[in-house]
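Novice: The structure under discussion is supplied below as structure tokens; questions concerning it will follow.
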Number of protein chains: 2
Amino acid sequence: MDQAGDATLGIPVIEPSGIDASEEASPPNLVNLVTTSVTAMIRQRQLRGGHSIVEAKLAAQLGVSRTPLREGLQRLEGEGLVIKGSGRSFVVRHVDLGEYLQSLKVREILEPEAAEAAAGHIPDAEIAAVRREIAGLQAGSTSLHTDAHWQSDDALHELFARNSGNDVLAQVIRRLRVTTRLFEIARLQDRVAPDLREHAQILDALESGDGKAARKATQAHIRSLQRFALATVR
Amino acid sequence: MDQAGDATLGIPVIEPSGIDASEEASPPNLVNLVTTSVTAMIRQRQLRGGHSIVEAKLAAQLGVSRTPLREGLQRLEGEGLVIKGSGRSFVVRHVDLGEYLQSLKVREILEPEAAEAAAGHIPDAEIAAVRREIAGLQAGSTSLHTDAHWQSDDALHELFARNSGNDVLAQVIRRLRVTTRLFEIARLQDRVAPDLREHAQILDALESGDGKAARKATQAHIRSLQRFALATVR
DNA sequence: TGCGTTCATTTTGCATACAATCAGCCCTGT
DNA sequence: ACAGGGCTGATTGTATGCAAAATGAACGCA
């Protein structure tokens with residue numbers, strides 16, 4: 001079977017948008033293709049939380065053999081996107097409300113810190129770019145922009161994480177956001193409006209260089225997420 | 001070649017002591033063997049930071065074929081213990097002073113929080129067990145107990161991480177400690193005496209249930225690590 | 001000497017083969 | 001009806017084969 005011939009039936013091979021922003025271009029080998037594709041599929045809910053993965057099928061879909069597929073899945077397990085529970089197959093990790101709130105609690109500690117550290121140290125061009133993204137979202141109709149919304153969400157949080165001056169902190173935040181995003185795409189519907197508002201406030205504070213304000217706005221944003229989840233889910 | 005016949009030439013297959021304390025027993029397959037063994041080898045400096053891994057050789061050492069070896073390494077890459085640099089081979093991650101200090105900075109934010117949350121909620125038996133470990137260290141001569149020292153270090157930090165009531169927080173702390181440990185085993189020599197003293201203070205606070213004191217003692221401990229590194233290294 | 005260039009060897013990337021395990025099912029005996 | 005006991009197909013775990021890429025050493029040439 002000409003396995004590697006024509007790749008990726010309809011699966012768009014998308015860069016792991018924003019989150020996990022990689023610094024160095026990764027070589028174009030198949031396990032990188034797998035990790036990016038599966039990440040994208042999870043984010044787009046083509047693979048749902050709790051869904052168990054059958055290797056041969058997914059490998060065929062992606063146009064690779066089981067070897068690089070399994071290697072990619074192992075890497076994603078290390079990153080916490082899938083787990084190989086006591087059972088035999090890989091399972092897309094399912095984040096429940098409890099874990100979501102715990103993650104938000106940690107983010108509530110770290111992200112205001114990062115925002116404060118970043119305030120005043122972010123190139124204007126980057127801030128402007130994020131502003132444009134937000135403006136674009138406000139223009140269109142609210143629904144079904146969810147994908148673009150999450151991308152702008154990534155962009156904002158990545159903005160102060162990357163510019164916090166502490167790469168380890170940034171990496172920890174990215175990772176936590178993988179978890180929370182896993183929950184949000186599964187369970188939360190319409191955060192567009194409040195996110196846009198709160199993101200704008202954070203941006204204002206970041207741009208003005210007011211660290212304390214950035215801290216406060218970021219903390220308020222995350223607490224708003226906590227309240228929203230508690231009010232919305234179930 | 002009877003590849004899988006007699007395993008692990010002299011490489012003790014050690015549970016990933018303390019850090020990364022896994023909740024569920026992992027099935028005894030070869031990639032788990034690889035991940036635990038390589039983790040142990042890194043912690044025992046049989047594999048040094050920056051050292052590049054040749055798959056066939058390591059596979060033979062562990063008595064497995066390259067397939068599970070590579071899968072295990074991919075998982076460890078996801079966990080941040082090794083990286084596949086721009087080159088092709090896996091490389092044991094090298095943590096420099098800068099990254100060490102950044103990690104400590106994040107730990108300085110998170111661990112006092114965890115200690116405060118855990119204070120008063122830790123079963124007496126667990127505290128007693130850690131105390132015994134420390135006492136045992138104080139008895140022997142200081143040098144060459146480094147391995148046991150690290151183990152008791154793990155035990156103490158794991159103590160309040162696990163009992164903080166926030167599993168995500170605990171996991172983040174474990175992960176950060178992997179990074180810092182990577183540096184410490186490579187660069188820091190004699191932290192035994194100060195660690196014992198500071199650990200005892202943290203234990204006292206935890207046991208008395210005084211959250212504020214636990215927070216303070218933990219923060220002091222981490223700051224002490226920062227100072228020590230700056231004073232000691234190079 | 002310094003600098004490509006070629007070629008042999010090593011090492012990785014990937015596919016595939018096969019054995020071991022598991023899940024469902026039908027069959028049988030009670 | 002129903003509990004148990006193999007059978008069969010599906011799925012994973014592991015080893016191996018092979019081609020491509022990299023490494024490095026020997027060599028020739030300026």
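Chains: A, B, ... in order of the structure tokens. Residues: from 1 per chain. Ligands: from 1, in order shown.
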At a cut-off of 10 Å, can you tabulate as CSV every residue of chain B near chain D together with its closest atom pair and the distance in Å to one decimal, using only C-alpha atoms (C1' of nucleotides) and ordering rows by chain then number?
Specialist:
```
residue,atom,partner,partner_atom,distance
B:Gln3,CA,D:DA15,C1',8.3
B:Ala4,CA,D:DA15,C1',9.1
B:Asn29,CA,D:DG13,C1',7.8
B:Leu30,CA,D:DG13,C1',8.5
B:Val31,CA,D:DG13,C1',9.6
B:Val64,CA,D:DT14,C1',8.7
B:Ser65,CA,D:DA15,C1',6.4
B:Arg66,CA,D:DA15,C1',8.3
B:Thr67,CA,D:DT14,C1',7.2
B:Pro68,CA,D:DT14,C1',7.3
B:Gly87,CA,D:DA22,C1',9.5
B:Arg88,CA,D:DA22,C1',8.7
```
Novice: Next, write the just-selected residues to a file, as a tab-separated table (two decimals), in the first residue's frame, keeping N, CA, C and O atoms as the atom set.
Specialist:
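Here's the written file again-v1.tsv:
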```tsv
chain	number	residue	atom	x	y	z
B	3	GLN	N	17.34	-9.58	21.04
B	3	GLN	CA	17.25	-8.22	21.53
B	3	GLN	C	16.63	-8.13	22.92
B	3	GLN	O	17.22	-7.60	23.84
B	4	ALA	N	15.44	-8.68	23.05
B	4	ALA	CA	14.68	-8.44	24.29
B	4	ALA	C	15.02	-9.44	25.37
B	4	ALA	O	14.40	-9.46	26.42
B	29	ASN	N	5.08	-2.09	29.88
B	29	ASN	CA	5.54	-2.24	28.50
B	29	ASN	C	6.88	-1.55	28.33
B	29	ASN	O	7.37	-0.89	29.23
B	30	LEU	N	7.46	-1.71	27.16
B	30	LEU	CA	8.83	-1.26	27.01
B	30	LEU	C	8.97	0.25	26.98
B	30	LEU	O	9.97	0.78	27.43
B	31	VAL	N	7.97	0.96	26.48
B	31	VAL	CA	8.18	2.41	26.46
B	31	VAL	C	8.12	2.97	27.87
B	31	VAL	O	8.86	3.91	28.19
B	64	VAL	N	16.11	-3.12	24.56
B	64	VAL	CA	14.89	-3.00	23.77
B	64	VAL	C	15.27	-2.63	22.34
B	64	VAL	O	16.43	-2.32	22.07
B	65	SER	N	14.32	-2.68	21.47
B	65	SER	CA	14.61	-2.29	20.09
B	65	SER	C	14.39	-0.79	19.94
B	65	SER	O	13.94	-0.10	20.85
B	66	ARG	N	14.73	-0.29	18.80
B	66	ARG	CA	14.69	1.16	18.64
B	66	ARG	C	13.27	1.71	18.68
B	66	ARG	O	13.08	2.87	19.05
B	67	THR	N	12.31	0.91	18.29
B	67	THR	CA	10.95	1.46	18.25
B	67	THR	C	10.47	1.94	19.62
B	67	THR	O	10.12	3.11	19.76
B	68	PRO	N	10.41	1.07	20.63
B	68	PRO	CA	9.97	1.59	21.93
B	68	PRO	C	10.92	2.64	22.49
B	68	PRO	O	10.49	3.55	23.19
B	87	GLY	N	19.28	19.69	15.00
B	87	GLY	CA	19.88	18.50	14.43
B	87	GLY	C	18.91	17.34	14.44
B	87	GLY	O	17.72	17.51	14.66
B	88	ARG	N	19.38	16.15	14.26
B	88	ARG	CA	18.46	15.05	14.15
B	88	ARG	C	18.39	14.25	15.44
B	88	ARG	O	17.38	13.63	15.72
```
Novice: Should the cut-off be 12 Å, what would the residue list for chain C against chain B look like, counting only C-alpha atoms (C1' of nucleotides), as a PyMOL selection string?
Specialist: chain C and resi 10-14
Novice: Pairing every C-alpha atom in order, fit chain A onto chain B and give me the RMSD in Å.
Specialist: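 For chain B versus chain A, the C-alpha RMSD is 0.2 Å.
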Novice: For Glu71 (chain B), work out the shell of residues within 8 Å, counting only C-alpha atoms (C1' of nucleotides) and skipping chain neighbours fewer than 2 positions away, then give it as a PDB file with N, CA and C atoms, in the first residue's frame.
Specialist:
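Saved to out.pdb:
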```pdb
ATOM      1  N   ARG A  70       2.439   6.801  16.253  1.00  0.00           N
ATOM      2  CA  ARG A  70       2.596   6.473  17.665  1.00  0.00           C
ATOM      3  C   ARG A  70       3.624   7.376  18.330  1.00  0.00           C
ATOM      4  N   GLU A  71       4.689   7.674  17.606  1.00  0.00           N
ATOM      5  CA  GLU A  71       5.672   8.568  18.200  1.00  0.00           C
ATOM      6  C   GLU A  71       5.056   9.934  18.471  1.00  0.00           C
ATOM      7  N   GLN A  74       2.856   9.707  21.493  1.00  0.00           N
ATOM      8  CA  GLN A  74       3.647   9.674  22.726  1.00  0.00           C
ATOM      9  C   GLN A  74       4.082  11.078  23.113  1.00  0.00           C
ATOM     10  N   ARG A  75       4.506  11.838  22.114  1.00  0.00           N
ATOM     11  CA  ARG A  75       4.914  13.197  22.441  1.00  0.00           C
ATOM     12  C   ARG A  75       3.735  13.979  22.996  1.00  0.00           C
TER      13      ARG A  75
ATOM     14  N   VAL B  31       7.971   0.956  26.484  1.00  0.00           N
ATOM     15  CA  VAL B  31       8.180   2.408  26.459  1.00  0.00           C
ATOM     16  C   VAL B  31       8.119   2.968  27.869  1.00  0.00           C
ATOM     17  N   THR B  67      12.310   0.908  18.293  1.00  0.00           N
ATOM     18  CA  THR B  67      10.953   1.458  18.248  1.00  0.00           C
ATOM     19  C   THR B  67      10.465   1.936  19.617  1.00  0.00           C
ATOM     20  N   PRO B  68      10.410   1.068  20.626  1.00  0.00           N
ATOM     21  CA  PRO B  68       9.975   1.592  21.932  1.00  0.00           C
ATOM     22  C   PRO B  68      10.923   2.638  22.488  1.00  0.00           C
ATOM     23  N   LEU B  69      12.200   2.514  22.159  1.00  0.00           N
ATOM     24  CA  LEU B  69      13.119   3.540  22.643  1.00  0.00           C
ATOM     25  C   LEU B  69      12.732   4.910  22.106  1.00  0.00           C
ATOM     26  N   LEU B  73      11.513   8.251  24.066  1.00  0.00           N
ATOM     27  CA  LEU B  73      12.211   9.531  23.974  1.00  0.00           C
ATOM     28  C   LEU B  73      11.264  10.633  23.521  1.00  0.00           C
ATOM     29  N   GLN B  74      10.375  10.300  22.613  1.00  0.00           N
ATOM     30  CA  GLN B  74       9.391  11.302  22.208  1.00  0.00           C
ATOM     31  C   GLN B  74       8.569  11.754  23.405  1.00  0.00           C
ATOM     32  N   ARG B  75       8.176  10.790  24.223  1.00  0.00           N
ATOM     33  CA  ARG B  75       7.394  11.183  25.394  1.00  0.00           C
ATOM     34  C   ARG B  75       8.221  12.094  26.292  1.00  0.00           C
TER      35      ARG B  75
END
```
Novice: List the neighbours of His157 (chain A) out to 10 Å using only C-alpha atoms (C1' of nucleotides); skip same-chain residues closer than 6 positions along the sequence, and give me the result as a ChimeraX atom specification.
Specialist: /A:18-19,111,114-115,170,173-174,177,199,202,218
Novice: Those residues with N, CA and C atoms, as a compact mmCIF listing (two decimals), in the first residue's frame please?
Specialist:
```
# COMPACT_ATOMS: atom_id res chain seq x y z
N GLY A 18 -0.67 29.75 17.78
CA GLY A 18 -0.46 30.59 18.95
C GLY A 18 0.07 29.82 20.13
N ILE A 19 -0.79 29.08 20.74
CA ILE A 19 -0.34 28.24 21.84
C ILE A 19 0.83 27.38 21.39
N GLU A 111 -0.65 34.48 35.59
CA GLU A 111 -0.80 35.40 34.47
C GLU A 111 -0.77 36.86 34.89
N ALA A 114 2.76 37.71 35.07
CA ALA A 114 3.38 37.88 33.76
C ALA A 114 2.96 39.18 33.11
N ALA A 115 1.69 39.53 33.24
CA ALA A 115 1.20 40.76 32.63
C ALA A 115 1.89 41.97 33.24
N ALA A 170 6.51 31.76 30.74
CA ALA A 170 5.71 31.76 29.52
C ALA A 170 5.33 30.34 29.14
N ILE A 173 2.63 28.94 31.39
CA ILE A 173 1.32 29.52 31.06
C ILE A 173 0.76 28.87 29.80
N ARG A 174 1.59 28.71 28.79
CA ARG A 174 1.12 28.08 27.57
C ARG A 174 0.52 26.71 27.86
N ARG A 177 -2.74 26.79 29.49
CA ARG A 177 -3.79 27.21 28.57
C ARG A 177 -4.19 26.08 27.63
N HIS A 199 -10.21 41.65 27.17
CA HIS A 199 -8.93 41.68 26.47
C HIS A 199 -8.53 43.11 26.14
N ILE A 202 -7.03 44.70 29.14
CA ILE A 202 -5.66 44.25 29.39
C ILE A 202 -4.70 44.94 28.42
N THR A 218 -5.78 41.55 34.26
CA THR A 218 -5.60 40.13 33.94
C THR A 218 -6.27 39.25 35.00
```
Novice: Between CA of Arg223 (chain A) and CA of Asn166 (chain B), what is the distance in Å, rounded to a tenth?
Specialist: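 Taking CA of Arg223 (chain A) as the start and CA of Asn166 (chain B) as the end point, the length is 16.6 Å.
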Novice: Quick one: pull the distance between CA of Ala231 (chain A) and CA of Asp153 (chain A), Å, one decimal.
Specialist: 20.7 Å
Novice: Mind pulling up the distance from CA of Asn32 (chain B) to CA of Ser86 (chain A)?
Specialist: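 We find that CA of Ser86 (chain A) and CA of Asn32 (chain B) lie 12.1 Å from each other.
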Novice: Quick check: residues of chain A within 8 Å of chain B, only C-alpha atoms, returned as a list of chain:residue names.
Specialist: A:Glu24, A:Ser26, A:Pro27, A:Thr67, A:Arg70, A:Glu71, A:Gly72, A:Gln74, A:Arg75, A:Leu76, A:Glu77, A:Gly78, A:Glu79, A:Ser86, A:Glu99, A:Gln102, A:Ser103, A:Val106, A:Ile109, A:Leu110, A:Asn166, A:Asp167, A:Val168, A:Leu169, A:Val172
Novice: Among the residues of region 37-171 of chain B, find those DSSP assigns to strand (DSSP E) from the backbone and print them as JSON, numbers by chain.
Specialist: {"B": [52, 53, 82, 83, 90, 91, 92]}
Novice: Let me see the file: selected residues, all heavy atoms, as a PDB file, in the first residue's frame.
Specialist:
```pdb
ATOM      1  N   SER B  52      24.311  13.983  23.467  1.00  0.00           N
ATOM      2  CA  SER B  52      23.384  13.587  22.408  1.00  0.00           C
ATOM      3  C   SER B  52      23.263  12.065  22.372  1.00  0.00           C
ATOM      4  O   SER B  52      24.243  11.333  22.489  1.00  0.00           O
ATOM      5  CB  SER B  52      23.848  14.157  21.074  1.00  0.00           C
ATOM      6  OG  SER B  52      24.277  13.144  20.209  1.00  0.00           O
ATOM      7  N   ILE B  53      22.065  11.614  22.236  1.00  0.00           N
ATOM      8  CA  ILE B  53      21.732  10.198  22.393  1.00  0.00           C
ATOM      9  C   ILE B  53      21.757   9.489  21.046  1.00  0.00           C
ATOM     10  O   ILE B  53      21.113   9.946  20.096  1.00  0.00           O
ATOM     11  CB  ILE B  53      20.329  10.067  23.016  1.00  0.00           C
ATOM     12  CG1 ILE B  53      20.345  10.584  24.452  1.00  0.00           C
ATOM     13  CG2 ILE B  53      19.836   8.627  22.953  1.00  0.00           C
ATOM     14  CD1 ILE B  53      18.981  10.631  25.083  1.00  0.00           C
ATOM     15  N   VAL B  82      14.258  15.756  27.326  1.00  0.00           N
ATOM     16  CA  VAL B  82      15.173  15.749  26.199  1.00  0.00           C
ATOM     17  C   VAL B  82      14.559  16.617  25.102  1.00  0.00           C
ATOM     18  O   VAL B  82      13.362  16.905  25.110  1.00  0.00           O
ATOM     19  CB  VAL B  82      15.413  14.319  25.645  1.00  0.00           C
ATOM     20  CG1 VAL B  82      15.898  13.400  26.738  1.00  0.00           C
ATOM     21  CG2 VAL B  82      14.148  13.770  25.029  1.00  0.00           C
ATOM     22  N   ILE B  83      15.387  17.040  24.192  1.00  0.00           N
ATOM     23  CA  ILE B  83      14.867  17.784  23.053  1.00  0.00           C
ATOM     24  C   ILE B  83      15.502  17.247  21.792  1.00  0.00           C
ATOM     25  O   ILE B  83      16.580  16.645  21.834  1.00  0.00           O
ATOM     26  CB  ILE B  83      15.158  19.291  23.161  1.00  0.00           C
ATOM     27  CG1 ILE B  83      16.657  19.512  23.259  1.00  0.00           C
ATOM     28  CG2 ILE B  83      14.468  19.887  24.352  1.00  0.00           C
ATOM     29  CD1 ILE B  83      17.035  20.950  23.321  1.00  0.00           C
ATOM     30  N   PHE B  90      18.288  13.140  19.468  1.00  0.00           N
ATOM     31  CA  PHE B  90      17.805  13.610  20.752  1.00  0.00           C
ATOM     32  C   PHE B  90      18.993  14.044  21.602  1.00  0.00           C
ATOM     33  O   PHE B  90      20.056  13.422  21.566  1.00  0.00           O
ATOM     34  CB  PHE B  90      17.052  12.497  21.469  1.00  0.00           C
ATOM     35  CG  PHE B  90      15.709  12.223  20.873  1.00  0.00           C
ATOM     36  CD1 PHE B  90      15.542  11.185  19.971  1.00  0.00           C
ATOM     37  CD2 PHE B  90      14.612  12.992  21.226  1.00  0.00           C
ATOM     38  CE1 PHE B  90      14.305  10.932  19.430  1.00  0.00           C
ATOM     39  CE2 PHE B  90      13.378  12.740  20.688  1.00  0.00           C
ATOM     40  CZ  PHE B  90      13.220  11.712  19.790  1.00  0.00           C
ATOM     41  N   VAL B  91      18.759  15.063  22.376  1.00  0.00           N
ATOM     42  CA  VAL B  91      19.797  15.599  23.242  1.00  0.00           C
ATOM     43  C   VAL B  91      19.217  15.768  24.640  1.00  0.00           C
ATOM     44  O   VAL B  91      18.085  16.243  24.788  1.00  0.00           O
ATOM     45  CB  VAL B  91      20.296  16.960  22.709  1.00  0.00           C
ATOM     46  CG1 VAL B  91      21.228  17.617  23.707  1.00  0.00           C
ATOM     47  CG2 VAL B  91      20.970  16.789  21.361  1.00  0.00           C
ATOM     48  N   VAL B  92      19.950  15.347  25.637  1.00  0.00           N
ATOM     49  CA  VAL B  92      19.507  15.556  27.010  1.00  0.00           C
ATOM     50  C   VAL B  92      19.483  17.046  27.287  1.00  0.00           C
ATOM     51  O   VAL B  92      20.462  17.741  27.044  1.00  0.00           O
ATOM     52  CB  VAL B  92      20.450  14.860  28.002  1.00  0.00           C
ATOM     53  CG1 VAL B  92      19.978  15.097  29.426  1.00  0.00           C
ATOM     54  CG2 VAL B  92      20.524  13.378  27.709  1.00  0.00           C
TER      55      VAL B  92
END
```
Novice: Got a sec: who's within 9 Å of Leu97 (chain B), counting only C-alpha atoms (C1' of nucleotides), leaving out chain neighbours fewer than 5 positions off, as a list in words?
Specialist: Gln102, Phe183, Ala229, Leu230 and Val233 of chain B
Novice: Please provide as a short mmCIF file (atom, residue, chain, number, x, y, z; two decimals) with all heavy atoms, in the first residue's frame all residues within 12 Å of Ile127 (chain A), with the sequence filter that same-chain residues fewer than 6 positions apart are discarded (counting only C-alpha atoms (C1' of nucleotides)).
Specialist:
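In the end it all went to part-v1.cif:
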```
data_model
loop_
_atom_site.label_atom_id
_atom_site.label_comp_id
_atom_site.auth_asym_id
_atom_site.auth_seq_id
_atom_site.Cartn_x
_atom_site.Cartn_y
_atom_site.Cartn_z
N ALA A 118 5.32 42.25 31.97
CA ALA A 118 5.42 42.60 30.55
C ALA A 118 5.04 44.04 30.27
O ALA A 118 5.50 44.62 29.27
CB ALA A 118 4.52 41.66 29.73
N ALA A 119 4.23 44.61 31.14
CA ALA A 119 3.71 45.95 30.86
C ALA A 119 4.84 46.92 30.59
O ALA A 119 5.80 47.02 31.34
CB ALA A 119 2.87 46.43 32.05
N GLY A 120 4.71 47.61 29.48
CA GLY A 120 5.72 48.60 29.13
C GLY A 120 6.89 48.04 28.36
O GLY A 120 7.72 48.79 27.87
N HIS A 121 6.95 46.72 28.24
CA HIS A 121 8.08 46.13 27.53
C HIS A 121 7.68 45.45 26.24
O HIS A 121 8.43 44.64 25.71
CB HIS A 121 8.80 45.12 28.44
CG HIS A 121 9.34 45.73 29.69
ND1 HIS A 121 9.33 45.09 30.89
CD2 HIS A 121 9.88 46.95 29.92
CE1 HIS A 121 9.85 45.88 31.82
NE2 HIS A 121 10.19 47.02 31.26
N GLU A 133 -6.62 42.28 15.43
CA GLU A 133 -7.35 41.01 15.44
C GLU A 133 -8.67 41.17 16.18
O GLU A 133 -9.72 40.69 15.75
CB GLU A 133 -6.49 39.93 16.11
CG GLU A 133 -6.13 38.79 15.18
CD GLU A 133 -5.25 37.77 15.88
OE1 GLU A 133 -4.20 38.14 16.45
OE2 GLU A 133 -5.63 36.59 15.85
N ILE A 134 -8.60 41.86 17.32
CA ILE A 134 -9.81 42.05 18.12
C ILE A 134 -10.82 42.89 17.35
O ILE A 134 -12.02 42.58 17.30
CB ILE A 134 -9.46 42.71 19.46
CG1 ILE A 134 -8.69 41.72 20.33
CG2 ILE A 134 -10.72 43.18 20.16
CD1 ILE A 134 -8.28 42.27 21.67
N SER A 152 -7.50 34.82 18.55
CA SER A 152 -7.15 36.12 19.12
C SER A 152 -6.93 35.98 20.62
O SER A 152 -6.08 36.67 21.21
CB SER A 152 -8.25 37.14 18.82
OG SER A 152 -9.00 37.45 19.97
N ALA A 155 -3.54 34.92 20.96
CA ALA A 155 -2.62 36.00 20.63
C ALA A 155 -2.44 36.93 21.83
O ALA A 155 -1.32 37.32 22.17
CB ALA A 155 -3.13 36.78 19.42
N LEU A 156 -3.53 37.26 22.48
CA LEU A 156 -3.41 38.19 23.61
C LEU A 156 -2.61 37.57 24.74
O LEU A 156 -1.67 38.18 25.26
CB LEU A 156 -4.78 38.59 24.14
CG LEU A 156 -4.62 39.41 25.42
CD1 LEU A 156 -4.22 40.83 25.10
CD2 LEU A 156 -5.82 39.35 26.31
N HIS A 157 -2.97 36.35 25.14
CA HIS A 157 -2.29 35.77 26.29
C HIS A 157 -0.83 35.48 25.95
O HIS A 157 0.05 35.64 26.80
CB HIS A 157 -3.03 34.50 26.74
CG HIS A 157 -4.34 34.80 27.39
ND1 HIS A 157 -4.50 34.89 28.74
CD2 HIS A 157 -5.56 35.06 26.86
CE1 HIS A 157 -5.77 35.19 29.03
NE2 HIS A 157 -6.43 35.28 27.89
N GLU A 158 -0.60 35.09 24.72
CA GLU A 158 0.77 34.85 24.31
C GLU A 158 1.57 36.16 24.36
O GLU A 158 2.76 36.15 24.67
CB GLU A 158 0.78 34.27 22.89
CG GLU A 158 2.15 34.06 22.28
CD GLU A 158 2.96 32.99 22.99
OE1 GLU A 158 2.37 32.18 23.74
OE2 GLU A 158 4.19 32.99 22.83
N LEU A 159 0.90 37.23 24.08
CA LEU A 159 1.56 38.54 24.03
C LEU A 159 2.29 38.84 25.34
O LEU A 159 3.49 39.15 25.34
CB LEU A 159 0.51 39.62 23.76
CG LEU A 159 1.01 41.05 23.59
CD1 LEU A 159 1.83 41.15 22.31
CD2 LEU A 159 -0.17 42.02 23.55
N PHE A 160 1.58 38.74 26.45
CA PHE A 160 2.28 39.11 27.69
C PHE A 160 3.07 37.95 28.25
O PHE A 160 4.03 38.16 28.98
CB PHE A 160 1.34 39.72 28.73
CG PHE A 160 0.21 38.86 29.18
CD1 PHE A 160 0.43 37.76 30.02
CD2 PHE A 160 -1.09 39.14 28.81
CE1 PHE A 160 -0.63 36.98 30.46
CE2 PHE A 160 -2.14 38.36 29.24
CZ PHE A 160 -1.91 37.28 30.06
N ASN A 163 6.42 38.23 26.48
CA ASN A 163 7.16 39.43 26.83
C ASN A 163 7.34 39.63 28.33
O ASN A 163 7.72 40.70 28.77
CB ASN A 163 6.45 40.66 26.22
CG ASN A 163 6.58 40.68 24.71
OD1 ASN A 163 7.63 41.00 24.17
ND2 ASN A 163 5.51 40.30 24.02
N HIS A 199 -10.21 41.65 27.17
CA HIS A 199 -8.93 41.68 26.47
C HIS A 199 -8.53 43.11 26.14
O HIS A 199 -7.34 43.48 26.24
CB HIS A 199 -9.02 40.85 25.18
CG HIS A 199 -8.97 39.37 25.44
ND1 HIS A 199 -9.13 38.44 24.45
CD2 HIS A 199 -8.82 38.67 26.58
CE1 HIS A 199 -9.04 37.22 24.97
NE2 HIS A 199 -8.87 37.34 26.26
N ALA A 200 -9.48 43.90 25.74
CA ALA A 200 -9.18 45.29 25.41
C ALA A 200 -8.63 46.02 26.63
O ALA A 200 -7.67 46.79 26.53
CB ALA A 200 -10.43 45.99 24.88
N ILE A 202 -7.03 44.70 29.14
CA ILE A 202 -5.66 44.25 29.39
C ILE A 202 -4.70 44.94 28.42
O ILE A 202 -3.63 45.42 28.81
CB ILE A 202 -5.58 42.72 29.24
CG1 ILE A 202 -6.41 42.03 30.33
CG2 ILE A 202 -4.13 42.25 29.32
CD1 ILE A 202 -6.49 40.52 30.19
N LEU A 203 -5.10 45.00 27.18
CA LEU A 203 -4.25 45.64 26.17
C LEU A 203 -3.97 47.09 26.54
O LEU A 203 -2.82 47.56 26.44
CB LEU A 203 -4.91 45.57 24.80
CG LEU A 203 -4.60 44.34 23.96
CD1 LEU A 203 -5.39 44.37 22.66
CD2 LEU A 203 -3.11 44.28 23.66
N ASP A 204 -5.01 47.80 26.95
CA ASP A 204 -4.81 49.20 27.33
C ASP A 204 -3.75 49.30 28.42
O ASP A 204 -2.84 50.13 28.33
CB ASP A 204 -6.14 49.79 27.84
CG ASP A 204 -7.14 49.96 26.70
OD1 ASP A 204 -6.71 49.93 25.53
OD2 ASP A 204 -8.34 50.09 26.99
N ALA A 205 -3.90 48.46 29.43
CA ALA A 205 -2.95 48.54 30.54
C ALA A 205 -1.55 48.18 30.08
O ALA A 205 -0.57 48.83 30.46
CB ALA A 205 -3.40 47.62 31.66
N LEU A 206 -1.45 47.15 29.26
CA LEU A 206 -0.12 46.74 28.79
C LEU A 206 0.53 47.88 28.01
O LEU A 206 1.72 48.17 28.18
CB LEU A 206 -0.24 45.50 27.90
CG LEU A 206 -0.55 44.18 28.59
CD1 LEU A 206 -0.76 43.08 27.56
CD2 LEU A 206 0.57 43.79 29.55
N GLU A 207 -0.27 48.50 27.16
CA GLU A 207 0.28 49.54 26.30
C GLU A 207 0.71 50.75 27.11
O GLU A 207 1.76 51.36 26.86
CB GLU A 207 -0.76 49.96 25.26
CG GLU A 207 -0.20 50.88 24.20
CD GLU A 207 -1.13 50.94 23.00
OE1 GLU A 207 -2.35 50.79 23.20
OE2 GLU A 207 -0.62 51.13 21.88
N SER A 208 -0.09 51.10 28.11
CA SER A 208 0.25 52.28 28.91
C SER A 208 1.45 52.02 29.80
O SER A 208 1.99 52.94 30.41
CB SER A 208 -0.95 52.69 29.76
OG SER A 208 -1.08 51.79 30.85
N GLY A 209 1.85 50.77 29.92
CA GLY A 209 3.01 50.46 30.75
C GLY A 209 2.68 50.44 32.23
O GLY A 209 3.57 50.38 33.07
#
```
Novice: Please extract the residues of region 73-210 of chain A with a backbone DSSP assignment of alpha helix (DSSP H) and present them as a PyMOL selection string.
Specialist: chain A and resi 73-79+97-118+124-139+146-162+167-187+192-208
Novice: Fewer than 4 positions away in the same chain doesn't count, so skip those; otherwise give me all residues within 12 Å of Asp190 (chain A), counting only C-alpha atoms (C1' of nucleotides), as a list in words.
Specialist: Thr142, Ser143, Leu144, His145, Thr146, Asp147, His149, Trp150, Glu184, Ile185, Ala186, Pro194, Asp195, Leu196, Leu225, Phe228, Ala229, Thr232 and Val233 of chain A
